[in-house]
Amino acid sequence: MRAPSKPRPPFASPDALRRGFSALARLGSARLGLGLSPRWRSGRVGEAEDDAARLSLRGECRPGRVYLVGAGSGDVELLTLKAARLLAQADAVVYDRLVGEEVLALIPAGRERYYVGKASGHHSVPQDEIGALLVTLAGQGKSVVRLKGGDPGVFGRMGEELAALAEAGVSAEIVPGITAASAACASMGIPLTDRAHAQQLRFITAQLCREGGAPDWQALARRDETLVFYMGLAKVEAICAGLRGAGLPDDWPIMLVANASQPEQAALVGTLGDMPARLAETPLPSPCLIVVGSVVRMADWTPAPWPPAWASPLAQRASSSCHARGASSRV
């Protein structure tokens, strides 16, 4: 006798997902008195009261605790429900440079905000001072969200902040987010791993932290894995040269994706042999992710319908320029 099938999850379709976000907005503003983004309040469907009940918004921001939260890759709709709830509840938010305006719009008016963003060659606030700030805010009895772009545990210096909090006896909780590698490959229609292309996956920081250091190119020059270099726009030529020198062929695929998942996303697809010249001809902005591996050959260059009908005015304005840049970079 067959066991009864399990019910499908409430967010099994895009329409259901939009209903869920709409319900979250109504639940936040109507029941909890939380001011969420006007965009979230503009859902066209899902007015039924039971939609709000479907969302398992458990818990609350605890006083004196720090939440290390991933803001995802930039698209507000790739934010987790837990991250959205914490942003709506926290007393203070300490955020980075790559956190998008639509994500910041989820913070209710009147809550404390602290910008501690970092750019290449310029840190607005030194890392030790960020840790001290988190400790101070928590010591004042505030619930604190430390908001980081992408996933806080992927090249986000989360370990240093956890150490500072632990040393001060401050409790912390980690809320993961969608990292740029996942968002970039999804936006280009390819997987990070594939049975026929890549059985391994590596995330690598292109910012060399030790003096005179360099990646182990021989170990990285494999044909059965996908390499993803973070923060490497200025090192594309060195990456291509290092992998070619270690044995990968000149025609090995490489892809650059800037501003992954955002309206201004742009991309270049090429090979280790020609990518430096392609980038010089068509410069990309930072932040930019570098993906190397045969999965890049699966990249889907058929433009997806963008922006969707419910996208923000920002996405509507950026749509034409985004596609123009992307189309010019086809192999």
# chains A, B, ... in the order shown; residues from 1 in each chain; ligands from 1

call {"tool": "residues_around", "arguments": {"residues": "range 88-97 of chain A", "least_positions_apart": "5", "cutoff": "9 Å", "atoms": "only C-alpha atoms", "output": "JSON, numbers by chain"}}
result
{"A": [28, 34, 35, 36, 60, 61, 62, 63, 83, 104, 106, 107, 108, 111, 112, 113, 114, 115, 116, 117, 118, 119, 130, 133, 134, 137, 142, 143, 144, 145, 146, 147, 148, 149]}

call {"tool": "select_by_dssp", "arguments": {"residues": "range 155-229 of chain A", "states": "strand (DSSP E)", "output": "JSON, numbers by chain"}}
result
{"A": [172, 173, 174, 175, 200, 201, 202, 203, 204, 205, 225, 226, 227, 228, 229]}

call {"tool": "residues_around", "arguments": {"residues": "Val236 in chain A", "least_positions_apart": "2", "cutoff": "8 Å", "atoms": "only C-alpha atoms", "output": "ChimeraX atom specification"}}
result
/A:232-234,238-240,275-276,290

call {"tool": "residues_around", "arguments": {"residues": "Ala183 in chain A", "least_positions_apart": "3", "cutoff": "12 Å", "atoms": "only C-alpha atoms", "output": "number ranges by chain"}}
result
A: 72-75, 77-79, 150-151, 177-180, 186-192, 257-262, 265, 288-289, 291

call {"tool": "select_by_dssp", "arguments": {"residues": "range 193-240 of chain A", "states": "helix (DSSP H, G or I)", "output": "PyMOL selection string"}}
result
chain A and resi 217-220+233-240

call {"tool": "write_last_selection", "arguments": {"atoms": "C-alpha atoms", "output": "PDB file, in the first residue's frame"}}
result
ATOM      1  CA  TRP A 217      48.109  27.013 -10.275  1.00  0.00           C
ATOM      2  CA  GLN A 218      49.089  23.377 -10.778  1.00  0.00           C
ATOM      3  CA  ALA A 219      46.462  22.276  -8.252  1.00  0.00           C
ATOM      4  CA  LEU A 220      43.821  24.551  -9.816  1.00  0.00           C
ATOM      5  CA  LEU A 233      38.542  41.817 -11.724  1.00  0.00           C
ATOM      6  CA  ALA A 234      41.996  43.407 -11.574  1.00  0.00           C
ATOM      7  CA  LYS A 235      43.666  39.972 -11.749  1.00  0.00           C
ATOM      8  CA  VAL A 236      41.994  38.464 -14.820  1.00  0.00           C
ATOM      9  CA  GLU A 237      45.202  38.530 -16.856  1.00  0.00           C
ATOM     10  CA  ALA A 238      47.185  36.860 -14.048  1.00  0.00           C
ATOM     11  CA  ILE A 239      44.511  34.187 -13.591  1.00  0.00           C
ATOM     12  CA  CYS A 240      44.428  33.385 -17.297  1.00  0.00           C
TER      13      CYS A 240
END

call {"tool": "closest_residue", "arguments": {"among": "A:Glu161, A:Leu256, A:Gly270, A:Phe203", "to": "Pro283 in chain A", "atoms": "only C-alpha atoms"}}
result
A:Leu256

call {"tool": "closest_residue", "arguments": {"among": "A:Ala214, A:Ser294, A:Ala184, A:Arg244", "to": "Leu268 in chain A", "atoms": "only C-alpha atoms"}}
result
A:Ala184

call {"tool": "atom_distance", "arguments": {"atom1": "CA of Val170 in chain A", "atom2": "CA of Met158 in chain A"}}
result
14.5 Å

call {"tool": "residues_around", "arguments": {"residues": "Val76 in chain A", "least_positions_apart": "5", "cutoff": "9 Å", "atoms": "only C-alpha atoms", "output": "ChimeraX atom specification"}}
result
/A:71,100-103

call {"tool": "write_last_selection", "arguments": {"atoms": "N, CA and C atoms", "output": "compact mmCIF listing (two decimals), in the first residue's frame"}}
result
# COMPACT_ATOMS: atom_id res chain seq x y z
N ALA A 71 22.98 39.10 2.91
CA ALA A 71 22.01 39.89 2.15
C ALA A 71 21.79 39.33 0.75
N GLY A 100 22.21 46.11 -1.37
CA GLY A 100 21.41 46.94 -2.26
C GLY A 100 20.42 47.84 -1.53
N GLU A 101 20.01 48.89 -2.22
CA GLU A 101 19.08 49.85 -1.64
C GLU A 101 17.73 49.21 -1.32
N GLU A 102 17.29 48.29 -2.17
CA GLU A 102 15.99 47.66 -1.91
C GLU A 102 16.03 46.78 -0.67
N VAL A 103 17.18 46.19 -0.40
CA VAL A 103 17.32 45.42 0.83
C VAL A 103 17.33 46.37 2.03

call {"tool": "residues_around", "arguments": {"residues": "Val292 in chain A", "least_positions_apart": "5", "cutoff": "8 Å", "atoms": "only C-alpha atoms", "output": "list in words"}}
result
Thr226, Leu227, Val228, Trp252, Pro253, Ile254 and Met255 of chain A

call {"tool": "atom_distance", "arguments": {"atom1": "CA of Asp216 in chain A", "atom2": "CA of Gly245 in chain A"}}
result
11.4 Å

call {"tool": "closest_residue", "arguments": {"among": "A:Ala163, A:Asp251, A:Ser286, A:Gly64", "to": "Ala267 in chain A", "atoms": "only C-alpha atoms"}}
result
A:Ser286

call {"tool": "closest_residue", "arguments": {"among": "A:Ala181, A:Ala168, A:Leu87, A:Ala266", "to": "Thr193 in chain A", "atoms": "only C-alpha atoms"}}
result
A:Ala181
